[in-house]
Amino acid sequence: MGKPKLLAIDDAPEFLNALQLVLQDDYDLSTATSSRAGLDILRGSSFNAVLLDLYLSPGENGIDTLTEIVAQEGAPPVVMITSEGETTSVVEAIKRGAFDYIVKPPDRDRLVTTVRNAVDKSLRERERIQLLEKARKQHNLVGNSAQLEKIREMVLRVAPSELPILITGESGTGKDIVANLIHFSSRRISGVFMPIDMAAVSDDLLESNLFGHEKGAFTGAFATKKGLFEVAEGGTVFLDEIGRASLRVQSKILRAVETKQFYRVGGTQIVNVDVRVISATSSQLDAEVERGSFLPDLYHRLNGFRIHIPPLRERRDDIIPIAEYFLRHYAAKRGEDVRTLSAEARMALLSHEWPGNARPLDQVIECLSLFSESEEFSEDEVREQLDLKFPSARSQGNKDFKRAREDWERDYLLKALAAHNYNIADTAHAIGLHRVYLHKKLKSLGIETKLNSLGIESENR
């Protein structure tokens, strides 16, 4: 990595030369003697900090230049250069977004310290953005449905707040992904994200995992150990399947959330903690409260804002994008070309109910990738994997399988067409089918005739 890059904008060449002498060992310094020239340089390259004279040549105003700089996306910190006694202008510059200021002629130590602080801020921000982008790629909500778009919007709105979040939905709907997105879109991104599956830890160990323990607190406690709440200081704790916690553990969590304090197991010293709590459950917590198996105070504390993720069967527009995501994932994992799904294979995936949601879809796609040599997976290959994964699916109901499938396809396509104003191209794009195949399928299911009988002309489609 090269030296951090600075840009100095000042109409006094002798001052720019002085800056070069002081800063050249640690920084790559570019200079400009006018605001226009400085802004042009700034647009053409990336800098870690800008030094900007408050009073440039006649006709140029440093405050206006500052405003232009900070309005740019990813703008670097700006340090204003001013003269002694210009307090009012300096205050205005800080209000407009300046990071700090130095006075001419600058004290060398003050100059070096101010520049270093500005560059450090820039580097931290870039690291935060890179971390956020990496996290978003790793924890990506895949899909095109209106329900998923609404969830994305909610995440962006609620993430910067400190509200506790309760995420509800069936197993496999992606509650952990949403929790990660909230953390990595929040002001706590520099802190850690600490998840715990409450259903996977025995009640005896859960309290210790959450709050830590002192040496000798129980058999096997050979040393003091911090719990997740303590380790996550400044970050986020994700309590997955919170409904599985016992009432005793719930009361401990309630105290920690309410007071931001707790005791380690076997401890007598209060531990103060600053964490955000995100919880998730596949059960109906309000019903658990009614039954007395979940503390009402904890429920209301955790339910600061609720995000519900519908099951995959209620957002079928997401099935094909998720399947294609898994296809790309396994191709990359094995260093292979990405394989595709035939139109009939897509319809087979779309017509399935997907109990378990994305997890069994992931497994079906992985098995296809492992056991099929096809460049394009066929309907038969998909249905073979579905039969192996869900052996009772074909035998359910009184209708024969082919008739039941056709009825489902007809109902699904009619609803999809209505949702897109009977536009074939828009409908095909939304549900992940080729337009030609969709035309063929509409004809084979008798939908083409039905639309014509309703007076919906082909040119409108």
# chains A, B, ... in the order shown; residues from 1 in each chain; ligands from 1
call {"tool": "residues_around", "arguments": {"residues": "segment 190-197 of chain A", "least_positions_apart": "5", "cutoff": "9 Å", "atoms": "only C-alpha atoms", "output": "list of chain:residue names"}}
result
A:Arg128, A:Leu131, A:Asp176, A:Asn180, A:His183, A:Phe184, A:Asn209, A:Leu210, A:Leu228, A:Phe229, A:Val231, A:Ala232, A:Glu233, A:Gly234, A:Gly235, A:Thr236, A:Val237, A:Phe238, A:Leu239, A:Asp240, A:Glu241, A:Ile242
call {"tool": "residues_around", "arguments": {"residues": "segment 75-85 of chain A", "least_positions_apart": "4", "cutoff": "8 Å", "atoms": "only C-alpha atoms", "output": "short mmCIF file (atom, residue, chain, number, x, y, z; two decimals) with C-alpha atoms, in the first residue's frame"}}
result
data_model
loop_
_atom_site.label_atom_id
_atom_site.label_comp_id
_atom_site.auth_asym_id
_atom_site.auth_seq_id
_atom_site.Cartn_x
_atom_site.Cartn_y
_atom_site.Cartn_z
CA PHE A 47 -7.76 11.34 -1.77
CA ASN A 48 -7.63 10.62 1.94
CA ALA A 49 -7.91 14.28 2.99
CA VAL A 50 -8.11 17.79 1.53
CA LEU A 51 -6.45 20.96 2.89
CA LEU A 52 -8.50 23.93 1.71
CA ASP A 53 -7.75 27.64 2.08
CA LEU A 54 -10.72 29.57 3.43
CA TYR A 55 -9.79 32.64 1.34
CA LEU A 66 -16.08 23.07 0.83
CA ILE A 69 -16.54 18.77 -1.89
CA VAL A 70 -18.62 17.40 1.00
CA ALA A 71 -21.62 16.97 -1.31
CA VAL A 90 -14.26 28.77 10.87
CA ALA A 93 -16.97 25.90 7.81
CA GLY A 97 -18.93 19.75 7.13
CA ALA A 98 -15.25 20.64 7.59
CA PHE A 99 -13.36 18.06 9.66
CA ASP A 100 -11.04 20.57 11.41
CA TYR A 101 -8.98 23.71 10.74
CA ILE A 102 -5.42 25.02 11.03
CA VAL A 103 -4.26 28.63 11.30
CA LYS A 104 -1.57 30.22 9.09
CA PRO A 105 1.29 30.01 9.72
CA THR A 114 -4.59 17.38 12.30
CA VAL A 115 -3.65 15.81 8.97
CA ALA A 118 -8.17 13.43 9.07
CA VAL A 119 -6.42 10.62 7.19
CA LYS A 121 -10.89 9.09 9.73
CA SER A 122 -10.80 8.55 5.96
#
call {"tool": "atom_distance", "arguments": {"atom1": "atom CA of Asn144 of chain A", "atom2": "atom CA of His429 of chain A"}}
result
10.1 Å
call {"tool": "residues_around", "arguments": {"residues": "Ile165 of chain A", "least_positions_apart": "6", "cutoff": "8 Å", "atoms": "only C-alpha atoms", "output": "number ranges by chain"}}
result
A: 277-279, 302-307
call {"tool": "write_last_selection", "arguments": {"atoms": "N, CA and C atoms", "output": "mmCIF file, in the first residue's frame"}}
result
data_model
loop_
_atom_site.group_PDB
_atom_site.id
_atom_site.type_symbol
_atom_site.label_atom_id
_atom_site.label_comp_id
_atom_site.auth_asym_id
_atom_site.auth_seq_id
_atom_site.Cartn_x
_atom_site.Cartn_y
_atom_site.Cartn_z
ATOM 1 N N VAL A 277 -29.600 -5.460 20.724
ATOM 2 C CA VAL A 277 -30.126 -6.819 20.725
ATOM 3 C C VAL A 277 -31.091 -7.004 19.555
ATOM 4 N N ILE A 278 -30.791 -8.007 18.738
ATOM 5 C CA ILE A 278 -31.705 -8.442 17.677
ATOM 6 C C ILE A 278 -32.114 -9.864 18.013
ATOM 7 N N SER A 279 -33.399 -10.136 17.989
ATOM 8 C CA SER A 279 -33.912 -11.471 18.311
ATOM 9 C C SER A 279 -34.658 -12.034 17.114
ATOM 10 N N LEU A 302 -38.059 -6.645 23.542
ATOM 11 C CA LEU A 302 -37.408 -7.127 22.316
ATOM 12 C C LEU A 302 -38.146 -6.684 21.065
ATOM 13 N N ASN A 303 -39.447 -6.474 21.193
ATOM 14 C CA ASN A 303 -40.282 -6.149 20.040
ATOM 15 C C ASN A 303 -40.329 -4.636 19.804
ATOM 16 N N GLY A 304 -39.147 -4.001 19.791
ATOM 17 C CA GLY A 304 -39.107 -2.568 19.502
ATOM 18 C C GLY A 304 -39.540 -2.283 18.073
ATOM 19 N N PHE A 305 -39.144 -3.176 17.159
ATOM 20 C CA PHE A 305 -39.590 -3.101 15.766
ATOM 21 C C PHE A 305 -39.580 -4.522 15.233
ATOM 22 N N ARG A 306 -40.665 -4.892 14.561
ATOM 23 C CA ARG A 306 -40.774 -6.269 14.077
ATOM 24 C C ARG A 306 -40.611 -6.326 12.568
ATOM 25 N N ILE A 307 -39.857 -7.319 12.132
ATOM 26 C CA ILE A 307 -39.727 -7.622 10.702
ATOM 27 C C ILE A 307 -40.160 -9.068 10.501
#
call {"tool": "select_by_dssp", "arguments": {"residues": "segment 105-293 of chain A", "states": "strand (DSSP E)", "output": "ChimeraX atom specification"}}
result
/A:165-168,193-197,236-240,261-263,270-272,276-281
call {"tool": "write_last_selection", "arguments": {"atoms": "N, CA and C atoms", "output": "PDB file, in the first residue's frame"}}
result
ATOM      1  N   ILE A 165     -34.723  -5.246  17.661  1.00  0.00           N
ATOM      2  CA  ILE A 165     -35.471  -5.775  16.518  1.00  0.00           C
ATOM      3  C   ILE A 165     -35.884  -7.213  16.796  1.00  0.00           C
ATOM      4  N   LEU A 166     -37.135  -7.529  16.478  1.00  0.00           N
ATOM      5  CA  LEU A 166     -37.625  -8.903  16.549  1.00  0.00           C
ATOM      6  C   LEU A 166     -37.947  -9.365  15.128  1.00  0.00           C
ATOM      7  N   ILE A 167     -37.262 -10.426  14.691  1.00  0.00           N
ATOM      8  CA  ILE A 167     -37.464 -10.966  13.342  1.00  0.00           C
ATOM      9  C   ILE A 167     -38.240 -12.260  13.465  1.00  0.00           C
ATOM     10  N   THR A 168     -39.365 -12.349  12.773  1.00  0.00           N
ATOM     11  CA  THR A 168     -40.206 -13.539  12.851  1.00  0.00           C
ATOM     12  C   THR A 168     -40.297 -14.201  11.484  1.00  0.00           C
ATOM     13  N   PHE A 193     -20.544  -8.765  15.639  1.00  0.00           N
ATOM     14  CA  PHE A 193     -21.884  -9.351  15.559  1.00  0.00           C
ATOM     15  C   PHE A 193     -21.790 -10.731  16.191  1.00  0.00           C
ATOM     16  N   MET A 194     -22.476 -10.922  17.321  1.00  0.00           N
ATOM     17  CA  MET A 194     -22.364 -12.169  18.076  1.00  0.00           C
ATOM     18  C   MET A 194     -23.697 -12.925  18.059  1.00  0.00           C
ATOM     19  N   PRO A 195     -23.799 -13.982  17.245  1.00  0.00           N
ATOM     20  CA  PRO A 195     -25.047 -14.763  17.209  1.00  0.00           C
ATOM     21  C   PRO A 195     -24.995 -15.941  18.166  1.00  0.00           C
ATOM     22  N   ILE A 196     -26.148 -16.339  18.651  1.00  0.00           N
ATOM     23  CA  ILE A 196     -26.268 -17.573  19.418  1.00  0.00           C
ATOM     24  C   ILE A 196     -27.617 -18.207  19.114  1.00  0.00           C
ATOM     25  N   ASP A 197     -27.597 -19.494  18.814  1.00  0.00           N
ATOM     26  CA  ASP A 197     -28.832 -20.242  18.571  1.00  0.00           C
ATOM     27  C   ASP A 197     -29.303 -20.777  19.917  1.00  0.00           C
ATOM     28  N   THR A 236     -23.428  -5.955  18.312  1.00  0.00           N
ATOM     29  CA  THR A 236     -24.788  -6.498  18.269  1.00  0.00           C
ATOM     30  C   THR A 236     -24.806  -7.934  18.756  1.00  0.00           C
ATOM     31  N   VAL A 237     -25.785  -8.272  19.591  1.00  0.00           N
ATOM     32  CA  VAL A 237     -26.044  -9.659  19.995  1.00  0.00           C
ATOM     33  C   VAL A 237     -27.289 -10.135  19.256  1.00  0.00           C
ATOM     34  N   PHE A 238     -27.189 -11.284  18.600  1.00  0.00           N
ATOM     35  CA  PHE A 238     -28.322 -11.857  17.871  1.00  0.00           C
ATOM     36  C   PHE A 238     -28.790 -13.110  18.592  1.00  0.00           C
ATOM     37  N   LEU A 239     -29.970 -13.039  19.184  1.00  0.00           N
ATOM     38  CA  LEU A 239     -30.554 -14.143  19.937  1.00  0.00           C
ATOM     39  C   LEU A 239     -31.526 -14.907  19.032  1.00  0.00           C
ATOM     40  N   ASP A 240     -31.016 -15.926  18.369  1.00  0.00           N
ATOM     41  CA  ASP A 240     -31.837 -16.705  17.442  1.00  0.00           C
ATOM     42  C   ASP A 240     -32.669 -17.712  18.225  1.00  0.00           C
ATOM     43  N   GLN A 261     -26.859  -3.922  32.266  1.00  0.00           N
ATOM     44  CA  GLN A 261     -25.989  -4.458  33.303  1.00  0.00           C
ATOM     45  C   GLN A 261     -26.344  -5.920  33.557  1.00  0.00           C
ATOM     46  N   PHE A 262     -25.349  -6.689  34.033  1.00  0.00           N
ATOM     47  CA  PHE A 262     -25.612  -8.064  34.418  1.00  0.00           C
ATOM     48  C   PHE A 262     -24.477  -8.557  35.314  1.00  0.00           C
ATOM     49  N   TYR A 263     -24.671  -9.721  35.903  1.00  0.00           N
ATOM     50  CA  TYR A 263     -23.627 -10.400  36.663  1.00  0.00           C
ATOM     51  C   TYR A 263     -23.195 -11.637  35.879  1.00  0.00           C
ATOM     52  N   ILE A 270     -20.969  -6.025  39.107  1.00  0.00           N
ATOM     53  CA  ILE A 270     -21.825  -5.657  37.976  1.00  0.00           C
ATOM     54  C   ILE A 270     -20.962  -5.426  36.739  1.00  0.00           C
ATOM     55  N   VAL A 271     -21.415  -5.973  35.621  1.00  0.00           N
ATOM     56  CA  VAL A 271     -20.756  -5.742  34.335  1.00  0.00           C
ATOM     57  C   VAL A 271     -21.662  -4.824  33.517  1.00  0.00           C
ATOM     58  N   ASN A 272     -21.135  -3.669  33.102  1.00  0.00           N
ATOM     59  CA  ASN A 272     -21.884  -2.740  32.255  1.00  0.00           C
ATOM     60  C   ASN A 272     -21.626  -3.078  30.789  1.00  0.00           C
ATOM     61  N   ARG A 276     -26.554  -3.757  21.073  1.00  0.00           N
ATOM     62  CA  ARG A 276     -27.894  -3.772  20.490  1.00  0.00           C
ATOM     63  C   ARG A 276     -28.352  -5.216  20.418  1.00  0.00           C
ATOM     64  N   VAL A 277     -29.600  -5.460  20.724  1.00  0.00           N
ATOM     65  CA  VAL A 277     -30.126  -6.819  20.725  1.00  0.00           C
ATOM     66  C   VAL A 277     -31.091  -7.004  19.555  1.00  0.00           C
ATOM     67  N   ILE A 278     -30.791  -8.007  18.738  1.00  0.00           N
ATOM     68  CA  ILE A 278     -31.705  -8.442  17.677  1.00  0.00           C
ATOM     69  C   ILE A 278     -32.114  -9.864  18.013  1.00  0.00           C
ATOM     70  N   SER A 279     -33.399 -10.136  17.989  1.00  0.00           N
ATOM     71  CA  SER A 279     -33.912 -11.471  18.311  1.00  0.00           C
ATOM     72  C   SER A 279     -34.658 -12.034  17.114  1.00  0.00           C
ATOM     73  N   ALA A 280     -34.760 -13.361  17.101  1.00  0.00           N
ATOM     74  CA  ALA A 280     -35.517 -14.014  16.036  1.00  0.00           C
ATOM     75  C   ALA A 280     -36.253 -15.207  16.610  1.00  0.00           C
ATOM     76  N   THR A 281     -37.376 -15.524  16.001  1.00  0.00           N
ATOM     77  CA  THR A 281     -38.155 -16.674  16.449  1.00  0.00           C
ATOM     78  C   THR A 281     -38.994 -17.238  15.312  1.00  0.00           C
TER      79      THR A 281
END
call {"tool": "closest_residue", "arguments": {"among": "A:Gly216, A:Pro106, A:Gly38, A:Gly59", "to": "Leu19 of chain A", "atoms": "only C-alpha atoms"}}
result
A:Pro106
call {"tool": "residues_around", "arguments": {"residues": "Leu39 of chain A", "least_positions_apart": "3", "cutoff": "12 Å", "atoms": "only C-alpha atoms", "output": "ChimeraX atom specification"}}
result
/A:7-9,30-36,42-47,50,52,62,64-72,75
call {"tool": "residues_around", "arguments": {"residues": "Ala159 of chain A", "least_positions_apart": "5", "cutoff": "6 Å", "atoms": "only C-alpha atoms", "output": "ChimeraX atom specification"}}
result
/A:182,185-186
call {"tool": "atom_distance", "arguments": {"atom1": "atom CA of Val112 of chain A", "atom2": "atom CA of Gly2 of chain A"}}
result
18.4 Å
call {"tool": "atom_distance", "arguments": {"atom1": "atom CA of Val265 of chain A", "atom2": "atom CA of Ser282 of chain A"}}
result
28.5 Å
